Amino acid sequence: MSLHRYLTLACLVLLSFSASAHDYTLGSIKIGHPWTRATTPGAQTGGGYLKLDNGGAADRLVSVSSNVSEQAEIHTMSMEGDVMRMQKLDKGVELPAGKTVEFKPGGLHIMLLGLKAPLKEGAKFPLTLKFEKAGEITVDVKVESLTGAPAAGAEHKH
């Protein structure tokens with residue numbers, strides 16, 4: 001194999017790895033594309049989003065934590081007429097066997113309260129997810145554009 005072909009193949013392998021490197025697995029739970037939007041200077045809150053695919057027995061996401069904020073909580077948002085209602089889910093989120101649970105804008109999400117600094121586009125930060133049965137995993141949350149959609153290939157609707 002020529003050096004040029006070898007280098008081309010090596011680049012393709014690295015690109016394919018980096019494209020899928022933002023997914024995580026803990027036991028039978030797959031965690032897909034953890035992300036957030038950039039925040040404006042002075043913002044005190046941010047939201048976190050991801051997808052949880054449970055390929056095994058029922059489990060529950062019981063808590064989240066991060067070093068970028070004073071608190072991290074699991075929330076849900078709904079509209080009642082013209083009023084947006086946000087509710088903390090003290091008992092976490094059920095992950096039924098064989099089902100997918102998606103955290104996305106306008107619904108289930110992670111609330112980052114008391115941000116220590118603005119979340120800047122292009123940055124990453126650690127988020128620890130604690131499951132009732134599967135245990136804990138720390139994932140990297142990518143900070144996406146303040147106004148734009150998540151990175152190409154991510155399946156989020158705004």
# chains A, B, ... in the order shown; residues from 1 in each chain; ligands from 1
$ select_by_dssp --residues "range 11-149 of chain A" --states "strand (DSSP E)" --output "ChimeraX atom specification"
/A:23-26,29-37,45-54,59-66,69-80,83-88,93-95,100-103,109-115,124-131,135-144
$ write_last_selection --atoms "C-alpha atoms" --output "CSV table (one decimal), in the first residue's frame"
chain,number,residue,atom,x,y,z
A,23,ASP,CA,-21.7,8.4,22.5
A,24,TYR,CA,-21.2,6.5,25.7
A,25,THR,CA,-22.3,3.1,27.1
A,26,LEU,CA,-22.9,2.0,30.7
A,29,ILE,CA,-27.6,1.9,28.5
A,30,LYS,CA,-26.4,3.9,25.6
A,31,ILE,CA,-26.0,7.7,26.1
A,32,GLY,CA,-26.2,9.7,22.9
A,33,HIS,CA,-24.8,13.1,22.1
A,34,PRO,CA,-24.8,15.0,25.4
A,35,TRP,CA,-25.1,18.7,24.5
A,36,THR,CA,-26.1,22.2,25.7
A,37,ARG,CA,-26.5,25.6,24.1
A,45,THR,CA,-28.9,28.7,34.2
A,46,GLY,CA,-28.4,26.3,31.3
A,47,GLY,CA,-30.0,23.2,29.9
A,48,GLY,CA,-28.6,19.8,29.1
A,49,TYR,CA,-29.8,17.4,26.5
A,50,LEU,CA,-29.1,13.8,25.5
A,51,LYS,CA,-30.7,10.5,24.5
A,52,LEU,CA,-30.8,7.4,26.7
A,53,ASP,CA,-31.4,4.0,24.9
A,54,ASN,CA,-32.0,1.2,27.4
A,59,ASP,CA,-33.6,1.3,35.3
A,60,ARG,CA,-33.9,4.9,36.5
A,61,LEU,CA,-31.7,8.0,36.1
A,62,VAL,CA,-31.7,9.2,39.7
A,63,SER,CA,-29.4,12.2,39.6
A,64,VAL,CA,-27.0,14.4,37.6
A,65,SER,CA,-24.1,16.6,38.7
A,66,SER,CA,-21.5,18.8,37.1
A,69,SER,CA,-22.9,24.8,38.1
A,70,GLU,CA,-23.8,24.9,41.8
A,71,GLN,CA,-26.6,22.4,41.1
A,72,ALA,CA,-27.8,20.1,38.4
A,73,GLU,CA,-31.3,18.7,38.4
A,74,ILE,CA,-33.6,16.6,36.2
A,75,HIS,CA,-36.6,18.7,35.0
A,76,THR,CA,-39.5,18.5,32.7
A,77,MET,CA,-41.2,21.4,30.9
A,78,SER,CA,-44.7,21.6,29.6
A,79,MET,CA,-47.1,24.3,28.4
A,80,GLU,CA,-50.4,24.9,30.1
A,83,VAL,CA,-47.8,29.4,30.6
A,84,MET,CA,-44.6,27.4,30.6
A,85,ARG,CA,-44.4,25.1,33.6
A,86,MET,CA,-41.0,23.7,34.8
A,87,GLN,CA,-40.9,20.9,37.3
A,88,LYS,CA,-38.0,19.2,39.1
A,93,VAL,CA,-36.6,9.5,35.2
A,94,GLU,CA,-37.8,5.9,34.5
A,95,LEU,CA,-35.9,4.1,31.7
A,100,THR,CA,-35.5,5.3,24.5
A,101,VAL,CA,-35.9,8.4,26.6
A,102,GLU,CA,-34.8,11.7,25.0
A,103,PHE,CA,-33.9,14.9,26.9
A,109,HIS,CA,-34.0,18.2,30.3
A,110,ILE,CA,-31.1,18.7,32.7
A,111,MET,CA,-31.2,22.1,34.5
A,112,LEU,CA,-27.8,23.6,35.4
A,113,LEU,CA,-28.5,26.1,38.2
A,114,GLY,CA,-26.0,28.7,39.4
A,115,LEU,CA,-23.6,28.6,36.5
A,124,LYS,CA,-17.0,20.7,26.7
A,125,PHE,CA,-17.6,20.0,30.4
A,126,PRO,CA,-18.2,16.8,32.4
A,127,LEU,CA,-21.6,15.7,33.5
A,128,THR,CA,-22.1,12.7,35.8
A,129,LEU,CA,-25.2,10.6,35.4
A,130,LYS,CA,-26.2,8.3,38.3
A,131,PHE,CA,-28.5,5.3,37.5
A,135,GLY,CA,-24.2,2.9,38.4
A,136,GLU,CA,-22.5,6.1,37.4
A,137,ILE,CA,-20.8,7.5,34.3
A,138,THR,CA,-19.2,10.8,33.5
A,139,VAL,CA,-19.8,12.1,29.9
A,140,ASP,CA,-18.6,15.2,28.1
A,141,VAL,CA,-21.3,17.7,27.2
A,142,LYS,CA,-20.6,19.7,24.1
A,143,VAL,CA,-21.5,23.4,24.1
A,144,GLU,CA,-23.3,24.1,20.8
$ closest_residue --among "A:Lys99, A:Lys116, A:Lys91, A:His22" --to "Ala57 in chain A" --atoms "only C-alpha atoms"
A:Lys99
$ atom_distance --atom1 "CA of Ala58 in chain A" --atom2 "CA of Ala97 in chain A"
4.3 Å
$ atom_distance --atom1 "CA of Leu108 in chain A" --atom2 "CA of Gly122 in chain A"
23.5 Å
